[in-house]
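The structure file target-v3.cif is reproduced below (mmCIF, C-alpha atoms).
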```
data_run
loop_
_atom_site.label_atom_id
_atom_site.label_comp_id
_atom_site.auth_asym_id
_atom_site.auth_seq_id
_atom_site.Cartn_x
_atom_site.Cartn_y
_atom_site.Cartn_z
CA MET A 1 136.02 88.78 39.88
CA SER A 2 133.24 86.61 40.98
CA LYS A 3 135.49 85.09 43.55
CA PHE A 4 135.92 88.44 45.29
CA LYS A 5 132.27 89.21 45.20
CA LYS A 6 131.37 86.02 46.88
CA LYS A 7 133.75 86.57 49.75
CA GLN A 8 132.42 90.06 50.35
CA ALA A 9 128.90 88.88 50.49
CA GLY A 10 129.87 86.28 53.07
CA THR A 11 131.22 88.79 55.59
CA LYS A 12 128.84 89.84 58.26
CA GLN A 13 128.12 93.56 58.26
CA GLY A 14 127.80 95.71 61.37
CA VAL A 15 129.64 95.97 64.68
CA PRO A 16 128.26 93.93 67.54
CA THR A 17 126.78 96.35 70.05
CA SER A 18 125.88 94.01 72.84
CA ALA A 19 128.94 95.08 74.87
CA MET A 20 128.17 98.78 74.52
CA PRO A 21 126.29 99.17 77.83
CA ASP A 22 129.25 97.67 79.64
CA VAL A 23 131.63 100.12 78.02
CA VAL A 24 129.35 103.01 78.79
CA PHE A 25 129.01 101.91 82.39
CA MET A 26 132.74 101.69 82.72
CA LEU A 27 133.14 105.26 81.47
CA LEU A 28 130.30 106.36 83.69
CA ILE A 29 131.91 104.92 86.78
CA PHE A 30 135.22 106.56 85.87
CA PHE A 31 133.66 109.99 85.58
CA MET A 32 131.58 109.51 88.70
CA VAL A 33 134.68 108.72 90.70
CA THR A 34 136.76 111.59 89.33
CA THR A 35 134.10 114.27 89.57
CA VAL A 36 134.29 116.78 92.36
CA LEU A 37 130.77 118.03 92.38
CA ARG A 38 130.81 121.02 94.63
CA GLU A 39 133.08 123.93 93.94
CA VAL A 40 132.34 126.79 96.26
CA GLU A 41 130.48 129.80 95.06
CA LEU A 42 132.97 132.61 94.94
CA GLN A 43 132.00 135.80 96.65
CA VAL A 44 135.26 137.49 95.85
CA GLN A 45 136.73 138.33 92.48
CA ILE A 46 139.97 136.51 91.71
CA GLU A 47 142.30 136.91 88.82
CA TYR A 48 145.22 134.60 89.18
CA ALA A 49 148.77 135.79 89.03
CA GLN A 50 150.97 134.14 86.47
CA ALA A 51 154.20 132.32 87.08
CA GLU A 52 156.43 129.92 85.26
CA ASN A 53 158.01 127.68 87.84
CA ILE A 54 154.90 126.07 89.17
CA GLU A 55 154.13 122.65 90.46
CA LYS A 56 151.01 120.58 90.23
CA ILE A 57 149.12 119.53 93.30
CA GLU A 58 148.53 115.89 92.61
CA GLU A 59 146.26 115.05 95.49
CA LYS A 60 143.28 117.31 95.28
CA ARG A 61 141.73 115.82 98.38
CA LEU A 62 144.47 117.28 100.57
CA VAL A 63 143.86 120.82 99.43
CA SER A 64 141.75 123.36 101.18
CA TYR A 65 141.31 126.76 99.69
CA ILE A 66 141.46 130.30 100.97
CA TYR A 67 140.24 132.96 98.59
CA ILE A 68 141.43 136.53 98.90
CA GLY A 69 140.19 139.28 96.64
CA PRO A 70 137.84 142.23 96.28
CA GLU A 71 134.31 141.37 97.36
CA ARG A 72 131.71 141.09 94.60
CA LEU A 73 128.85 143.46 95.21
CA SER A 74 125.59 143.71 93.34
CA GLY A 75 125.71 145.41 89.96
CA ASN A 76 129.21 144.31 89.01
CA ARG A 77 130.86 146.54 91.56
CA LEU A 78 133.80 145.46 93.61
CA GLY A 79 134.22 146.20 97.29
CA GLU A 80 136.94 145.86 99.86
CA THR A 81 139.44 143.02 99.77
CA ARG A 82 138.00 140.16 101.78
CA VAL A 83 138.92 136.63 102.75
CA GLN A 84 136.66 133.72 101.90
CA ILE A 85 136.93 130.19 103.26
CA ASP A 86 134.49 127.59 101.95
CA ASP A 87 131.19 129.42 101.49
CA GLY A 88 131.57 132.24 103.94
CA LEU A 89 133.42 135.52 104.12
CA ILE A 90 135.64 135.94 107.13
CA GLU A 91 134.64 138.83 109.37
CA ASP A 92 137.38 138.49 111.94
CA MET A 93 140.86 137.30 111.04
CA GLY A 94 141.06 135.33 114.30
CA GLU A 95 138.43 132.90 112.97
CA ILE A 96 140.84 131.58 110.37
CA ARG A 97 143.00 130.03 113.04
CA ASN A 98 140.18 127.87 114.40
CA ILE A 99 138.79 126.91 111.01
CA MET A 100 142.16 125.84 109.67
CA TYR A 101 143.08 124.07 112.89
CA ASP A 102 139.91 121.96 112.65
CA LYS A 103 140.65 121.15 109.05
CA LEU A 104 144.20 120.19 109.90
CA MET A 105 142.94 117.78 112.54
CA GLU A 106 140.81 116.07 109.90
CA GLU A 107 143.61 115.89 107.36
CA PRO A 108 147.10 116.22 108.83
CA ARG A 109 148.73 116.38 105.40
CA MET A 110 146.63 119.35 104.39
CA ILE A 111 147.93 121.85 101.85
CA VAL A 112 146.42 125.30 101.99
CA SER A 113 146.00 126.81 98.57
CA LEU A 114 145.95 130.58 98.64
CA ARG A 115 143.98 131.92 95.73
CA VAL A 116 144.78 135.57 95.75
CA ASP A 117 143.73 138.23 93.30
CA GLN A 118 146.81 139.61 91.60
CA ASP A 119 145.98 143.23 92.35
CA SER A 120 145.73 142.65 96.10
CA GLU A 121 148.13 144.12 98.56
CA PHE A 122 150.28 141.69 100.44
CA GLY A 123 149.30 142.86 103.92
CA ILE A 124 146.13 140.79 104.03
CA VAL A 125 148.02 137.74 102.79
CA THR A 126 150.52 138.28 105.59
CA ASP A 127 147.68 138.35 108.11
CA VAL A 128 146.30 135.08 106.73
CA GLN A 129 149.75 133.52 106.77
CA GLN A 130 150.23 134.52 110.40
CA GLU A 131 146.91 132.86 111.24
CA LEU A 132 147.96 129.73 109.38
CA ARG A 133 151.19 129.64 111.33
CA HIS A 134 149.24 129.86 114.56
CA ALA A 135 147.06 126.99 113.38
CA ASN A 136 150.24 125.10 112.47
CA ALA A 137 149.04 124.69 108.88
CA LEU A 138 152.40 125.34 107.31
CA ARG A 139 152.19 123.81 103.84
CA ILE A 140 150.86 126.46 101.53
CA ASN A 141 150.62 126.98 97.83
CA TYR A 142 150.14 130.22 95.98
CA SER A 143 147.73 129.40 93.20
CA THR A 144 149.03 130.68 89.88
CA ARG A 145 148.49 130.09 86.21
CA ARG A 146 151.16 129.42 83.66
CA ASP A 147 151.83 132.13 81.11
CA ILE A 148 150.19 131.40 77.84
CA MET B 149 92.78 80.85 85.98
CA LEU B 150 95.49 82.53 88.04
CA ASN B 151 98.14 80.28 86.70
CA LYS B 152 97.27 81.12 83.16
CA LYS B 153 97.59 84.86 83.72
CA ARG B 154 101.02 84.57 85.26
CA ASN B 155 102.27 82.62 82.35
CA ARG B 156 101.41 85.35 79.92
CA GLU B 157 103.56 87.97 81.73
CA SER B 158 107.25 87.97 81.06
CA GLY B 159 109.24 87.81 84.31
CA GLU B 160 112.18 89.93 83.19
CA ILE B 161 112.70 93.66 83.11
CA ASP B 162 113.31 95.08 79.71
CA GLY B 163 117.00 95.95 79.59
CA SER B 164 117.27 97.62 76.24
CA SER B 165 116.92 101.13 77.63
CA LEU B 166 119.65 100.57 80.18
CA ALA B 167 122.27 101.81 77.76
CA ASP B 168 120.31 105.00 77.15
CA ILE B 169 120.09 105.73 80.87
CA ALA B 170 123.77 105.05 81.29
CA PHE B 171 124.54 107.37 78.39
CA LEU B 172 122.48 110.12 79.93
CA LEU B 173 124.32 109.83 83.23
CA LEU B 174 127.62 109.62 81.40
CA ILE B 175 126.96 112.84 79.55
CA PHE B 176 125.98 114.55 82.79
CA PHE B 177 129.21 113.59 84.48
CA LEU B 178 131.23 114.45 81.37
CA VAL B 179 129.85 117.95 81.43
CA VAL B 180 130.25 118.42 85.18
CA THR B 181 133.79 117.07 85.48
CA THR B 182 136.71 119.47 85.55
CA ILE B 183 139.92 117.62 84.98
CA ASP B 184 142.28 120.57 85.22
CA VAL B 185 144.77 120.24 88.04
CA ASP B 186 145.68 122.93 90.49
CA THR B 187 148.97 124.57 89.86
CA GLY B 188 150.87 126.96 92.02
CA ILE B 189 154.04 127.80 93.87
CA GLY B 190 154.46 125.62 96.93
CA LEU B 191 156.04 126.93 100.09
CA VAL B 192 156.37 125.87 103.70
CA LEU B 193 155.77 128.57 106.28
CA PRO B 194 158.11 128.78 109.26
CA PRO B 195 156.45 127.71 112.51
CA ILE B 196 155.69 130.32 115.14
CA PRO B 197 158.94 130.83 117.01
CA ASP B 198 159.08 129.56 120.56
CA ASP B 199 160.98 131.32 123.27
CA ILE B 200 164.05 129.39 122.23
CA GLU B 201 166.49 131.57 120.35
CA PRO B 202 166.78 130.57 116.70
CA PRO B 203 170.25 129.29 115.84
CA PRO B 204 172.47 132.12 114.68
CA VAL B 205 172.96 132.38 110.94
CA ARG B 206 176.15 133.83 109.55
CA GLU B 207 175.50 136.86 107.47
CA ARG B 208 177.08 135.44 104.35
CA ASN B 209 174.63 132.56 104.39
CA LEU B 210 171.64 134.85 104.36
CA MET B 211 170.22 136.58 101.33
CA ASN B 212 167.64 139.19 102.18
CA ILE B 213 165.07 139.95 99.56
CA LEU B 214 162.71 142.78 100.35
CA VAL B 215 159.76 143.71 98.19
CA ASN B 216 158.69 147.16 99.27
CA ALA B 217 155.43 149.02 99.02
CA GLN B 218 156.32 150.51 95.64
CA GLY B 219 156.85 147.04 94.20
CA MET B 220 160.62 147.46 94.11
CA VAL B 221 162.85 144.52 94.90
CA LEU B 222 165.87 145.02 97.13
CA ILE B 223 168.50 142.33 97.54
CA ASN B 224 170.58 142.95 100.65
CA GLU B 225 169.31 146.54 100.65
CA GLN B 226 170.44 147.16 97.07
CA PRO B 227 167.74 147.68 94.43
CA ALA B 228 167.65 144.90 91.86
CA ALA B 229 165.61 144.24 88.76
CA ILE B 230 163.25 141.26 88.90
CA ASN B 231 164.90 139.51 85.97
CA THR B 232 168.30 139.54 87.69
CA ILE B 233 167.05 137.75 90.81
CA ARG B 234 167.34 134.29 89.30
CA GLU B 235 171.02 134.78 88.47
CA ARG B 236 171.76 136.35 91.86
CA VAL B 237 170.08 133.52 93.76
CA ARG B 238 171.87 130.90 91.69
CA GLU B 239 175.24 132.48 92.35
CA PHE B 240 174.42 132.85 96.02
CA VAL B 241 173.25 129.26 96.55
CA ASN B 242 175.83 127.53 94.39
CA ASN B 243 178.80 129.49 95.71
CA ASN B 244 180.25 126.64 97.81
CA GLY B 245 182.45 129.03 99.75
CA ALA B 246 184.22 130.55 96.74
CA ASP B 247 183.14 134.16 97.26
CA PRO B 248 183.48 135.31 100.89
CA ASP B 249 180.27 137.36 100.62
CA LEU B 250 178.10 134.51 99.38
CA SER B 251 176.97 131.26 100.97
CA GLU B 252 179.26 128.55 102.29
CA SER B 253 177.28 125.68 100.78
CA PRO B 254 173.83 125.16 99.25
CA ASP B 255 172.86 123.47 102.49
CA ASP B 256 173.57 126.61 104.51
CA ALA B 257 172.14 129.14 102.10
CA ILE B 258 168.94 130.77 103.28
CA VAL B 259 166.84 133.07 101.18
CA SER B 260 164.85 135.35 103.42
CA ILE B 261 161.85 137.10 101.94
CA LYS B 262 160.32 140.18 103.46
CA THR B 263 157.35 142.17 102.33
CA ASP B 264 155.53 145.33 103.24
CA ARG B 265 151.83 145.60 103.86
CA GLN B 266 151.35 147.51 100.62
CA THR B 267 153.48 145.21 98.47
CA PRO B 268 151.58 144.35 95.29
CA TYR B 269 150.81 140.65 95.23
CA ASN B 270 151.83 140.06 91.63
CA VAL B 271 155.30 141.53 92.18
CA TYR B 272 155.72 139.20 95.14
CA ILE B 273 154.69 136.22 92.98
CA ASP B 274 157.05 137.29 90.18
CA MET B 275 159.88 137.49 92.67
CA LEU B 276 159.04 134.12 94.23
CA ASP B 277 158.80 132.65 90.74
CA GLU B 278 162.35 133.78 89.99
CA VAL B 279 163.68 132.33 93.24
CA MET B 280 161.95 129.02 92.54
CA GLY B 281 163.32 129.15 89.00
CA ALA B 282 166.86 129.49 90.34
CA TYR B 283 166.47 126.38 92.49
CA GLU B 284 164.85 124.54 89.62
CA GLU B 285 167.79 125.35 87.34
CA LEU B 286 170.30 124.24 89.96
CA ARG B 287 168.47 120.98 90.51
CA HIS B 288 168.16 120.43 86.78
CA GLN B 289 171.89 120.98 86.38
CA ALA B 290 172.72 118.61 89.23
CA SER B 291 170.40 115.97 87.84
CA MET B 292 171.94 116.22 84.38
CA ASP B 293 175.47 115.91 85.79
CA ARG B 294 174.65 113.01 88.04
CA PHE B 295 172.07 110.93 86.23
CA GLY B 296 172.02 112.40 82.74
CA VAL B 297 168.28 113.01 82.84
CA PRO B 298 166.36 116.22 83.50
CA TYR B 299 165.19 116.77 87.05
CA SER B 300 161.59 117.01 85.95
CA SER B 301 161.68 113.47 84.56
CA LEU B 302 162.77 111.94 87.86
CA GLU B 303 159.88 110.19 89.50
CA ARG B 304 158.28 111.54 92.62
CA GLN B 305 159.63 110.10 95.87
CA SER B 306 162.33 108.26 94.00
CA ALA B 307 165.76 107.99 95.58
CA GLN B 308 167.36 110.06 92.84
CA ARG B 309 164.90 112.90 93.20
CA GLU B 310 165.38 113.00 96.93
CA GLU B 311 169.13 112.99 96.51
CA ILE B 312 168.96 116.05 94.27
CA GLN B 313 166.55 117.73 96.68
CA GLU B 314 169.02 117.15 99.46
CA MET B 315 171.81 118.67 97.40
CA PHE B 316 169.82 121.85 96.89
CA PRO B 317 167.26 122.15 99.67
CA LYS B 318 164.87 125.04 99.27
CA ARG B 319 165.62 127.06 102.36
CA ILE B 320 163.24 129.91 101.82
CA SER B 321 162.21 131.79 104.89
CA ILE B 322 159.40 134.24 105.29
CA ALA B 323 160.59 136.99 107.59
CA GLU B 324 158.49 137.95 110.58
CA PRO B 325 156.19 140.82 109.64
CA ASP B 326 156.68 144.14 111.37
CA GLU B 327 154.27 145.03 114.11
CA GLY B 328 151.56 147.51 113.28
#
```
Any chance you could put this one into structure tokens?
Amino acid sequence: MSKFKKKQAGTKQGVPTSAMPDVVFMLLIFFMVTTVLREVELQVQIEYAQAENIEKIEEKRLVSYIYIGPERLSGNRLGETRVQIDDGLIEDMGEIRNIMYDKLMEEPRMIVSLRVDQDSEFGIVTDVQQELRHANALRINYSTRRDI
Amino acid sequence: MLNKKRNRESGEIDGSSLADIAFLLLIFFLVVTTIDVDTGIGLVLPPIPDDIEPPPVRERNLMNILVNAQGMVLINEQPAAINTIRERVREFVNNNGADPDLSESPDDAIVSIKTDRQTPYNVYIDMLDEVMGAYEELRHQASMDRFGVPYSSLERQSAQREEIQEMFPKRISIAEPDEG
């Protein structure tokens, strides 16, 4: 009995914490690198459609988004279906061509992610797609969620 | 006098609060980070046609899917239920010349999708989902036969994956919208 006791007393208690700042810094750097700070402020309401056969977009940096949905008005009301790119609503469909063309010049492997509200009509999506074709931005992706 | 004063000060910065600062930043970034990945149905739009005539496509190699304004799906002008599309597309693509009305080979098979201006978006996505599902099943089958592993477990840009993709290329075409 006494033998056991002695051994226990000899062990040093407590975890060494001197390496903790290093670990924390490592984690910190990881999260700093992975964080995408600015998501645009949505001015349109979007509820994603659901689909099963979907693929992941691995490289988030290649993606640029186009949002299509009913405009959010003050007092929780919804307006006409509008198109939003970055932080601004598109007034004239012809603008899309120039915006997307400029983006494509910056990133030739660009994927355009269309985030469309599921209750929209397809006509406006067709218009956007025609503009994308004119801008030669042909890789698109319909953003959907998996059924839960 | 001066010398004495300097000696009393310690020359180092106190580092014990460094961990606290790092923790604070860490928590900030933890809260701000969204790790969820984007998911969706990928598609490549056809380029704007030039004046050059597109190569003629034999009618048997073309499957027309129309989603009309009422949200009804028509395959080759015949109404079809959404849950039958997958089977129809599979039969059409993997026909290999057996049925004279269906495609000659998966390489020739083209699925052409047409929509109306009033087509509901979610019906369109459901339909596209089924078409993608058909291709996915065919690729899965081919991968199992050839390599004995599911298609989804083949690594990206690997030779095997590209081989399967070449066997069943996704030839999905968005039809030109009507004027007006």
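With distances restricted to only C-alpha atoms, A:His134 is the closest residue to chain B from A:Arg109, A:Lys103, A:Arg61, A:His134.
CA of Gly88 (chain A) is found 20.6 Å from CA of Glu107 (chain A).
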If the cut-off is 9 Å, can you tell me the residues of chain B near chain A, counting only C-alpha atoms? I'd like them as a PyMOL selection string. chain B and resi 166-168+170-171+173-175+177-178+180-183+185-196+217+263-274+276-278+280-281+284+324-325
So how far away is CA of Ile320 (chain B) from CA of Leu250 (chain B), in Å? 15.7 Å
Output the residue selection produced by the PyMOL selection byres ((chain B and resi 226) around 12) on the file above, formatted as an MDAnalysis selection string. chainID B and resid 211:216 220:225 227:229 233
Restricting the output to C-alpha atoms, write the selected residues as a CSV table (one decimal), keeping the file's coordinate frame.
```
chain,number,residue,atom,x,y,z
B,211,MET,CA,170.2,136.6,101.3
B,212,ASN,CA,167.6,139.2,102.2
B,213,ILE,CA,165.1,140.0,99.6
B,214,LEU,CA,162.7,142.8,100.4
B,215,VAL,CA,159.8,143.7,98.2
B,216,ASN,CA,158.7,147.2,99.3
B,220,MET,CA,160.6,147.5,94.1
B,221,VAL,CA,162.8,144.5,94.9
B,222,LEU,CA,165.9,145.0,97.1
B,223,ILE,CA,168.5,142.3,97.5
B,224,ASN,CA,170.6,143.0,100.6
B,225,GLU,CA,169.3,146.5,100.6
B,227,PRO,CA,167.7,147.7,94.4
B,228,ALA,CA,167.6,144.9,91.9
B,229,ALA,CA,165.6,144.2,88.8
B,233,ILE,CA,167.0,137.8,90.8
```
Listed atoms of region 278-291 of chain B boxed along x, y and z, 5 Å each side, centre and edge lengths in Å, one decimal, as lines of an AutoDock Vina configuration file:
```
center_x = 167.3
center_y = 124.9
center_z = 89.8
size_x = 20.8
size_y = 27.8
size_z = 16.9
```
Tell me which residues the PyMOL selection byres ((chain A and resi 71) around 12) grabs here, as a PyMOL selection string. chain A and resi 42-46+67-70+72-74+76-84+88-90+117+120
Taking all atoms listed in the file into account, name the residue in B:Asn209, B:Gly163, B:Asp198, B:Gln313 that is nearest to Asp247 (chain B). B:Asn209
Run through the PyMOL selection byres ((chain B and resi 319) around 12) on the given coordinates and return the selected residues as number ranges by chain. B: 191-194, 209-211, 237, 241, 253-261, 279-280, 283, 313-318, 320-322
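CA of Ile312 (chain B) sits 6.2 Å away from CA of Arg287 (chain B).
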